[in-house]
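Shown next: upload.tsv, given as TSV, C-alpha atoms.
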```tsv
chain	number	residue	atom	x	y	z
R	1	MET	CA	23.02	-4.54	37.23
R	2	SER	CA	22.93	-5.20	33.49
R	3	VAL	CA	19.36	-6.52	33.88
R	4	GLY	CA	18.35	-3.34	35.68
R	5	LYS	CA	19.85	-1.21	32.90
R	6	GLU	CA	17.85	-3.11	30.27
R	7	ILE	CA	14.64	-2.60	32.25
R	8	ARG	CA	15.33	1.15	32.65
R	9	THR	CA	15.90	1.43	28.89
R	10	LYS	CA	12.61	-0.34	28.21
R	11	ILE	CA	10.76	1.88	30.69
R	12	LYS	CA	12.15	4.95	28.94
R	13	SER	CA	11.05	3.59	25.57
R	14	VAL	CA	7.50	2.92	26.76
R	15	GLN	CA	7.34	6.38	28.36
R	16	ASN	CA	8.26	7.95	25.02
R	17	THR	CA	5.58	5.87	23.29
R	18	LYS	CA	3.06	6.99	25.90
R	19	LYS	CA	3.84	10.64	25.17
R	20	ILE	CA	3.26	10.07	21.45
R	21	THR	CA	-0.06	8.24	21.91
R	22	LYS	CA	-1.25	10.91	24.37
R	23	ALA	CA	-0.44	13.66	21.87
R	24	MET	CA	-2.24	11.75	19.09
R	25	GLU	CA	-5.25	11.31	21.36
R	26	MET	CA	-5.47	15.06	21.96
R	27	VAL	CA	-5.05	15.86	18.24
R	28	ALA	CA	-7.75	13.34	17.32
R	29	ALA	CA	-10.11	14.82	19.91
R	30	SER	CA	-9.65	18.28	18.40
R	31	LYS	CA	-10.15	17.02	14.84
R	32	MET	CA	-13.14	14.94	15.91
R	33	ARG	CA	-15.07	18.00	17.05
R	34	ARG	CA	-14.49	19.78	13.75
R	35	ALA	CA	-15.37	16.66	11.76
R	36	GLN	CA	-18.63	16.27	13.66
R	37	GLU	CA	-19.50	19.91	13.02
R	38	ARG	CA	-18.92	19.48	9.26
R	39	MET	CA	-20.97	16.30	9.22
R	40	ARG	CA	-23.92	17.92	10.99
R	41	ALA	CA	-23.67	21.05	8.85
R	42	ALA	CA	-24.11	18.98	5.68
R	43	ARG	CA	-27.27	17.23	6.88
R	44	PRO	CA	-29.83	20.06	6.30
R	45	TYR	CA	-28.82	20.40	2.63
R	46	ALA	CA	-28.96	16.64	2.11
R	47	GLU	CA	-32.40	16.44	3.74
R	48	LYS	CA	-33.81	19.32	1.70
R	49	ILE	CA	-32.62	17.94	-1.62
R	50	ARG	CA	-33.90	14.49	-0.60
R	51	ARG	CA	-37.40	15.92	-0.21
R	52	LEU	CA	-37.22	17.50	-3.65
R	53	VAL	CA	-36.08	14.24	-5.21
R	54	ALA	CA	-38.85	12.32	-3.41
R	55	ASN	CA	-41.42	14.61	-5.02
R	56	LEU	CA	-39.80	14.52	-8.47
R	57	SER	CA	-39.51	10.72	-8.40
R	58	GLN	CA	-43.28	10.38	-8.69
R	59	ALA	CA	-44.43	9.60	-12.22
R	60	SER	CA	-47.32	12.03	-11.87
R	61	VAL	CA	-44.99	15.01	-11.57
R	62	THR	CA	-43.56	14.84	-15.09
R	63	ASP	CA	-43.48	12.50	-18.07
R	64	TYR	CA	-39.67	12.50	-18.02
R	65	ARG	CA	-38.00	9.80	-15.92
R	66	HIS	CA	-34.29	10.01	-15.23
R	67	PRO	CA	-32.09	6.88	-15.63
R	68	PHE	CA	-31.26	7.08	-11.92
R	69	LEU	CA	-34.93	6.36	-11.18
R	70	GLY	CA	-35.84	4.17	-14.14
R	71	LYS	CA	-34.08	0.99	-13.02
R	72	ALA	CA	-35.74	0.76	-9.63
R	73	GLY	CA	-37.31	-2.59	-8.87
R	74	GLY	CA	-36.07	-6.13	-8.81
R	75	ASN	CA	-33.88	-7.72	-6.17
R	76	GLU	CA	-30.15	-7.55	-5.66
R	77	GLY	CA	-29.70	-10.98	-7.19
R	78	ALA	CA	-30.81	-9.60	-10.56
R	79	PHE	CA	-27.81	-7.25	-10.77
R	80	ARG	CA	-25.07	-8.72	-12.96
R	81	ARG	CA	-22.92	-5.58	-13.11
R	82	VAL	CA	-22.32	-3.87	-9.77
R	83	GLY	CA	-20.27	-0.85	-8.71
R	84	LEU	CA	-19.06	-0.13	-5.19
R	85	ILE	CA	-17.81	3.24	-3.94
R	86	LEU	CA	-15.74	2.29	-0.88
R	87	VAL	CA	-14.76	4.95	1.66
R	88	THR	CA	-11.90	4.22	4.06
R	89	THR	CA	-9.19	6.28	5.76
R	90	ASP	CA	-5.79	7.34	4.46
R	91	LYS	CA	-4.05	6.64	7.77
R	92	GLY	CA	-4.19	3.84	10.30
R	93	LEU	CA	-4.07	3.82	14.11
R	94	CYS	CA	-7.87	4.02	14.34
R	95	GLY	CA	-8.69	0.63	15.79
R	96	GLY	CA	-10.79	-1.75	13.71
R	97	LEU	CA	-12.51	1.00	11.71
R	98	ASN	CA	-11.09	0.05	8.30
R	99	THR	CA	-11.01	-3.68	9.04
R	100	ASN	CA	-14.73	-3.74	9.79
R	101	VAL	CA	-15.85	-1.92	6.64
R	102	LEU	CA	-13.42	-3.89	4.43
R	103	ARG	CA	-14.67	-7.17	5.89
R	104	LEU	CA	-18.24	-6.06	5.14
R	105	ALA	CA	-17.28	-5.04	1.59
R	106	VAL	CA	-15.62	-8.40	0.87
R	107	SER	CA	-18.67	-10.21	2.22
R	108	ALA	CA	-20.97	-8.13	-0.01
R	109	MET	CA	-18.79	-8.73	-3.09
R	110	ARG	CA	-18.82	-12.48	-2.50
R	111	GLN	CA	-22.60	-12.40	-2.12
R	112	TRP	CA	-22.98	-10.48	-5.40
R	113	GLU	CA	-20.80	-13.04	-7.15
R	114	LYS	CA	-22.88	-15.82	-5.62
R	115	ASP	CA	-26.04	-14.11	-6.91
R	116	GLY	CA	-24.64	-14.02	-10.44
R	117	ALA	CA	-22.73	-10.73	-10.69
R	118	ALA	CA	-20.11	-11.10	-13.42
R	119	ASP	CA	-18.67	-7.58	-13.24
R	120	ILE	CA	-17.85	-5.80	-9.95
R	121	ARG	CA	-16.12	-2.43	-10.17
R	122	LEU	CA	-14.69	-0.40	-7.32
R	123	ALA	CA	-14.07	3.28	-6.72
R	124	ASN	CA	-11.81	3.68	-3.69
R	125	ILE	CA	-11.73	6.79	-1.53
R	126	GLY	CA	-8.93	6.41	1.01
R	127	ASN	CA	-5.52	4.75	0.89
R	128	LYS	CA	-6.30	1.84	3.24
R	129	GLY	CA	-9.16	0.50	1.13
R	130	LEU	CA	-7.21	1.06	-2.08
R	131	GLY	CA	-4.21	-0.97	-0.87
R	132	PHE	CA	-6.43	-3.79	0.39
R	133	MET	CA	-8.42	-4.07	-2.83
R	134	GLN	CA	-5.25	-3.95	-4.93
R	135	ARG	CA	-3.92	-6.93	-2.98
R	136	MET	CA	-7.21	-8.72	-3.70
R	137	ASN	CA	-6.79	-7.97	-7.43
R	138	ALA	CA	-10.21	-6.30	-7.51
R	139	ARG	CA	-11.25	-4.27	-10.54
R	140	ILE	CA	-10.54	-0.67	-9.47
R	141	VAL	CA	-11.82	1.90	-11.97
R	142	SER	CA	-11.16	5.09	-9.96
R	143	GLN	CA	-9.42	6.15	-6.78
R	144	LEU	CA	-8.79	9.09	-4.50
R	145	VAL	CA	-6.15	9.19	-1.74
R	146	GLN	CA	-4.81	11.95	0.52
R	147	VAL	CA	-8.30	13.36	1.02
R	148	GLY	CA	-7.16	15.43	4.01
R	149	ASP	CA	-8.97	16.27	7.21
R	150	ALA	CA	-11.97	17.86	5.45
R	151	PRO	CA	-13.90	16.51	2.44
R	152	HIS	CA	-13.85	18.72	-0.66
R	153	LEU	CA	-16.51	18.08	-3.28
R	154	GLU	CA	-14.24	19.14	-6.14
R	155	LYS	CA	-11.84	16.31	-5.17
R	156	LEU	CA	-14.62	13.76	-4.84
R	157	ILE	CA	-16.31	14.54	-8.16
R	158	GLY	CA	-13.69	12.71	-10.26
R	159	PRO	CA	-13.87	9.22	-8.67
R	160	MET	CA	-17.64	9.37	-8.16
R	161	LYS	CA	-18.31	10.56	-11.73
R	162	VAL	CA	-16.76	7.39	-13.13
R	163	MET	CA	-19.37	5.29	-11.33
R	164	ILE	CA	-22.26	7.68	-11.96
R	165	ASP	CA	-21.53	7.86	-15.69
R	166	ALA	CA	-21.16	4.07	-15.92
R	167	PHE	CA	-24.59	3.60	-14.37
R	168	GLN	CA	-26.16	6.32	-16.48
R	169	ASN	CA	-24.70	4.78	-19.66
R	170	GLY	CA	-26.08	1.35	-18.81
R	171	GLU	CA	-22.69	-0.22	-18.01
R	172	LEU	CA	-23.75	-0.96	-14.41
R	173	ASP	CA	-27.03	-2.27	-13.02
R	174	ALA	CA	-26.49	-0.95	-9.49
R	175	VAL	CA	-24.06	1.13	-7.47
R	176	TYR	CA	-23.48	0.73	-3.74
R	177	LEU	CA	-21.82	2.97	-1.19
R	178	GLY	CA	-19.66	1.54	1.60
R	179	TYR	CA	-18.46	3.64	4.53
R	180	THR	CA	-18.48	3.85	8.33
R	181	ARG	CA	-21.51	5.65	9.72
R	182	PHE	CA	-20.97	7.85	12.79
R	183	ILE	CA	-23.30	6.90	15.66
R	184	ASN	CA	-21.50	8.50	18.60
R	185	THR	CA	-17.98	8.90	19.92
R	186	MET	CA	-17.82	5.32	21.16
R	187	LYS	CA	-19.74	3.62	18.34
R	188	GLN	CA	-19.25	3.63	14.56
R	189	GLU	CA	-21.15	1.32	12.23
R	190	PRO	CA	-19.82	-0.02	8.88
R	191	VAL	CA	-22.54	-0.05	6.21
R	192	ILE	CA	-22.99	-0.99	2.55
R	193	GLU	CA	-25.94	1.01	1.22
R	194	PRO	CA	-27.62	0.99	-2.22
R	195	LEU	CA	-26.86	4.27	-3.99
R	196	LEU	CA	-28.18	3.74	-7.52
R	197	PRO	CA	-30.87	3.20	-8.65
R	198	LEU	CA	-32.55	5.65	-6.29
R	199	SER	CA	-35.17	3.51	-4.58
R	200	GLY	CA	-38.02	4.54	-2.34
R	201	GLU	CA	-36.01	3.46	0.69
R	202	ARG	CA	-33.20	5.84	-0.21
R	203	ILE	CA	-35.30	8.90	-1.13
R	204	GLY	CA	-38.33	8.30	1.06
R	205	ALA	CA	-41.94	9.12	0.37
R	206	PRO	CA	-43.06	12.55	-0.87
R	207	GLU	CA	-44.65	14.88	1.65
R	208	GLY	CA	-48.04	15.59	0.16
R	209	SER	CA	-48.75	16.40	-3.46
R	210	TRP	CA	-46.50	18.87	-5.27
R	211	ASP	CA	-46.59	20.51	-8.65
R	212	TYR	CA	-43.52	22.25	-10.12
R	213	LEU	CA	-42.97	24.71	-12.91
R	214	TYR	CA	-39.71	23.86	-14.68
R	215	GLU	CA	-37.38	26.44	-16.15
R	216	PRO	CA	-35.93	25.95	-18.72
R	217	ASP	CA	-37.42	22.42	-18.91
R	218	ALA	CA	-38.07	19.34	-16.75
R	219	LYS	CA	-35.21	17.27	-18.19
R	220	THR	CA	-32.52	19.89	-17.46
R	221	VAL	CA	-33.74	20.54	-13.92
R	222	ILE	CA	-34.17	16.87	-12.98
R	223	ASP	CA	-30.84	15.84	-14.53
R	224	ASP	CA	-28.92	18.44	-12.51
R	225	LEU	CA	-30.89	17.86	-9.33
R	226	LEU	CA	-30.43	14.09	-9.24
R	227	VAL	CA	-26.70	14.35	-9.92
R	228	ARG	CA	-26.40	16.90	-7.09
R	229	TYR	CA	-28.36	14.57	-4.83
R	230	VAL	CA	-26.06	11.62	-5.51
R	231	GLU	CA	-23.03	13.87	-4.95
R	232	ALA	CA	-24.56	15.02	-1.64
R	233	LEU	CA	-25.01	11.40	-0.53
R	234	ILE	CA	-21.38	10.57	-1.27
R	235	TYR	CA	-20.13	13.78	0.37
R	236	GLN	CA	-22.19	12.99	3.47
R	237	ALA	CA	-20.76	9.44	3.56
R	238	VAL	CA	-17.18	10.80	3.42
R	239	ALA	CA	-18.00	13.33	6.17
R	240	GLU	CA	-19.49	10.56	8.33
R	241	ASN	CA	-16.42	8.39	7.72
R	242	MET	CA	-14.06	11.22	8.75
R	243	ALA	CA	-15.98	11.82	11.98
R	244	SER	CA	-15.86	8.07	12.66
R	245	GLU	CA	-12.12	8.00	11.92
R	246	GLN	CA	-11.21	10.70	14.42
R	247	SER	CA	-13.49	9.22	17.09
R	248	ALA	CA	-12.02	5.75	16.61
R	249	ARG	CA	-8.47	7.13	16.63
R	250	MET	CA	-9.10	9.08	19.84
R	251	VAL	CA	-10.47	5.97	21.57
R	252	ALA	CA	-7.65	3.77	20.23
R	253	MET	CA	-4.92	6.22	21.33
R	254	LYS	CA	-6.50	6.58	24.77
R	255	ALA	CA	-6.46	2.79	25.14
R	256	ALA	CA	-2.83	2.72	23.97
R	257	THR	CA	-1.89	5.42	26.47
R	258	ASP	CA	-3.60	3.55	29.30
R	259	ASN	CA	-1.91	0.29	28.30
R	260	ALA	CA	1.49	2.02	28.18
R	261	GLY	CA	0.90	3.26	31.73
R	262	ASP	CA	0.12	-0.28	32.88
R	263	VAL	CA	3.27	-1.62	31.19
R	264	ILE	CA	5.39	1.07	32.87
R	265	LYS	CA	4.01	0.11	36.30
R	266	GLU	CA	4.77	-3.56	35.69
R	267	LEU	CA	8.31	-2.79	34.48
R	268	GLN	CA	8.96	-0.56	37.47
R	269	LEU	CA	7.85	-3.38	39.77
R	270	VAL	CA	10.18	-5.82	38.00
R	271	TYR	CA	13.01	-3.27	38.17
R	272	ASN	CA	12.52	-2.73	41.91
R	273	LYS	CA	12.55	-6.49	42.55
R	274	ALA	CA	15.71	-6.93	40.48
R	275	ARG	CA	17.37	-4.02	42.29
R	276	GLN	CA	16.42	-5.42	45.70
R	277	ALA	CA	17.74	-8.85	44.72
R	278	ALA	CA	21.03	-7.32	43.57
R	279	ILE	CA	21.40	-5.33	46.82
R	280	THR	CA	20.58	-8.41	48.89
R	281	LYS	CA	23.18	-10.41	46.99
R	282	GLU	CA	25.85	-7.75	47.56
R	283	ILE	CA	25.06	-7.60	51.27
R	284	SER	CA	25.26	-11.39	51.51
R	285	GLU	CA	28.66	-11.35	49.80
R	286	ILE	CA	29.93	-8.65	52.15
R	287	VAL	CA	28.67	-10.51	55.19
R	288	GLY	CA	30.10	-13.78	53.92
R	289	GLY	CA	33.49	-12.15	53.25
R	290	ALA	CA	33.55	-10.53	56.69
R	291	ALA	CA	32.70	-13.84	58.33
R	292	ALA	CA	35.48	-15.56	56.42
R	293	ILE	CA	38.02	-12.95	57.50
R	294	ALA	CA	36.88	-13.15	61.11
R	295	GLY	CA	37.08	-16.93	61.05
```

Rewrite the structure of this file - the entire thing - as structure tokens.
Amino acid sequence: MSVGKEIRTKIKSVQNTKKITKAMEMVAASKMRRAQERMRAARPYAEKIRRLVANLSQASVTDYRHPFLGKAGGNEGAFRRVGLILVTTDKGLCGGLNTNVLRLAVSAMRQWEKDGAADIRLANIGNKGLGFMQRMNARIVSQLVQVGDAPHLEKLIGPMKVMIDAFQNGELDAVYLGYTRFINTMKQEPVIEPLLPLSGERIGAPEGSWDYLYEPDAKTVIDDLLVRYVEALIYQAVAENMASEQSARMVAMKAATDNAGDVIKELQLVYNKARQAAITKEISEIVGGAAAIAG
């Protein structure tokens, strides 16, 4: 019965794994609800500030034009110095979430190089993307790991400021934002979006004609507002990525739990067959021995 003992040990091991994956599924489901609430709570602020920026981006509003708006125009192939803020997770066990966005980021970086980009800089938010880009020997200028279960703007300001300042100082021609957009519990979409310069596609069209009175002056107000807007976009991307992470982890752990159940059933079937074969063999030996004695 040594074979039967090995099978029982394996069944016990798979049962323990099933308990772990089931617990992780329940934890992810709880975190997913909170992450979705944070993501949706941030949307009204982002939409309101977007409308303000859309109005301020019009040349007729003021003679001052911020550097974030001044470089609009031209195609992606014209950018020779590109920055990418890449948002991934700190932990794994969330299916192909990180793999998909990293594959998209690598494809975009190769396309930029093909179009003539000589300088590509990365700001990594999340340990998985950081480790991957380090293995690729990419130029990483800032990083943030151990973000936690909730995004905090004060933690994000450091890595994002490196990219924002580089663009504002003319060291970069464009900055992109890569993350996983939350669609629903079963679907998450990896995206690489243009962040800077702020184009019409990103800020949208103004709603009607607006006229503002600036206090203390237009430059101070617009400078602060556009920086806050870019920060809001990055914060929203991190919030979307966290909601996607918990949803993907819940789905992945549910699939792992179901697969563990299937493996346990198969092992139990194999164990029962081995046990029946062993019993049949013992009975045959007993019967054979009895027949030999009787003969």

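From atom CA of Tyr271 of chain R back to atom CA of Ser13 of chain R, the distance works out to 14.5 Å.
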
In Å and to one decimal, atom CA of Pro67 of chain R is distant from atom CA of Ala174 of chain R by 11.4 Å

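Here the question is which of R:Arg228, R:Arg103, R:Arg34, R:Lys265 gets nearest to Gln246 of chain R using all atoms listed in the file, and that residue is R:Arg34.
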
In Å to one decimal, how far is atom CA of Asn100 of chain R from atom CA of Ala46 of chain R?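 Spanning atom CA of Ala46 of chain R to atom CA of Asn100 of chain R is a straight-line distance of 26.0 Å.
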
With distances taken over all atoms listed in the file, which of R:Arg50, R:Arg181, R:Lys18, R:Lys10 is nearest to Leu226 of chain R? R:Arg50

Out of R:Val263, R:Leu198, R:Asp224, R:Val162, which residue has the shortest atom-to-atom distance to Gln143 of chain R when counting only C-alpha atoms?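 Result for the nearest residue to Gln143 of chain R: R:Val162.
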
Cut-off 10 Å: closest segment 155-255 of chain R/segment 108-120 of chain R atom pairs per residue, using all atoms listed in the file, as JSON lines:
```
{"residue": "R:Glu171", "atom": "CA", "partner": "R:Asp119", "partner_atom": "CA", "distance": 9.6}
{"residue": "R:Leu172", "atom": "CA", "partner": "R:Asp119", "partner_atom": "CA", "distance": 8.4}
{"residue": "R:Asp173", "atom": "CA", "partner": "R:Ala117", "partner_atom": "CA", "distance": 9.8}
{"residue": "R:Ala174", "atom": "CA", "partner": "R:Ile120", "partner_atom": "CA", "distance": 9.9}
{"residue": "R:Val175", "atom": "CA", "partner": "R:Ile120", "partner_atom": "CA", "distance": 9.6}
{"residue": "R:Tyr176", "atom": "CA", "partner": "R:Ala108", "partner_atom": "CA", "distance": 9.9}
{"residue": "R:Gly178", "atom": "CA", "partner": "R:Ala108", "partner_atom": "CA", "distance": 9.9}
{"residue": "R:Ile192", "atom": "CA", "partner": "R:Ala108", "partner_atom": "CA", "distance": 7.8}
```

Please identify all polymer residues within 9 Å of Val147 of chain R, counting only C-alpha atoms, omitting same-chain residues fewer than 2 positions from it, and present them as a PDB file with C-alpha atoms, keeping the file's coordinate frame.
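Written file, result08.pdb:
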```pdb
ATOM      1  CA  THR R  89      -9.190   6.280   5.760  1.00  0.00           C
ATOM      2  CA  ASP R  90      -5.790   7.340   4.460  1.00  0.00           C
ATOM      3  CA  ILE R 125     -11.730   6.790  -1.530  1.00  0.00           C
ATOM      4  CA  GLY R 126      -8.930   6.410   1.010  1.00  0.00           C
ATOM      5  CA  LEU R 144      -8.790   9.090  -4.500  1.00  0.00           C
ATOM      6  CA  VAL R 145      -6.150   9.190  -1.740  1.00  0.00           C
ATOM      7  CA  ASP R 149      -8.970  16.270   7.210  1.00  0.00           C
ATOM      8  CA  ALA R 150     -11.970  17.860   5.450  1.00  0.00           C
ATOM      9  CA  PRO R 151     -13.900  16.510   2.440  1.00  0.00           C
ATOM     10  CA  HIS R 152     -13.850  18.720  -0.660  1.00  0.00           C
ATOM     11  CA  LYS R 155     -11.840  16.310  -5.170  1.00  0.00           C
ATOM     12  CA  LEU R 156     -14.620  13.760  -4.840  1.00  0.00           C
TER      13      LEU R 156
END
```

Measuring atom to atom with all atoms listed in the file, identify which of R:Leu213, R:Ala138, R:Ile157, R:Ala23 is nearest to Thr257 of chain R.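 Smallest separation from Thr257 of chain R among the options: R:Ala23.
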
Restricting the calculation to all atoms listed in the file, which member of R:Ala28, R:Ala248, R:Ile264, R:Ala292 is positioned closest to Asn184 of chain R?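 Nearest candidate to Asn184 of chain R out of R:Ala28, R:Ala248, R:Ile264, R:Ala292: R:Ala248.
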
Between R:Gln146, R:Lys5, R:Leu93, R:Val230, which residue has the minimum interatomic distance to Asn272 of chain R, considering all atoms listed in the file? R:Lys5
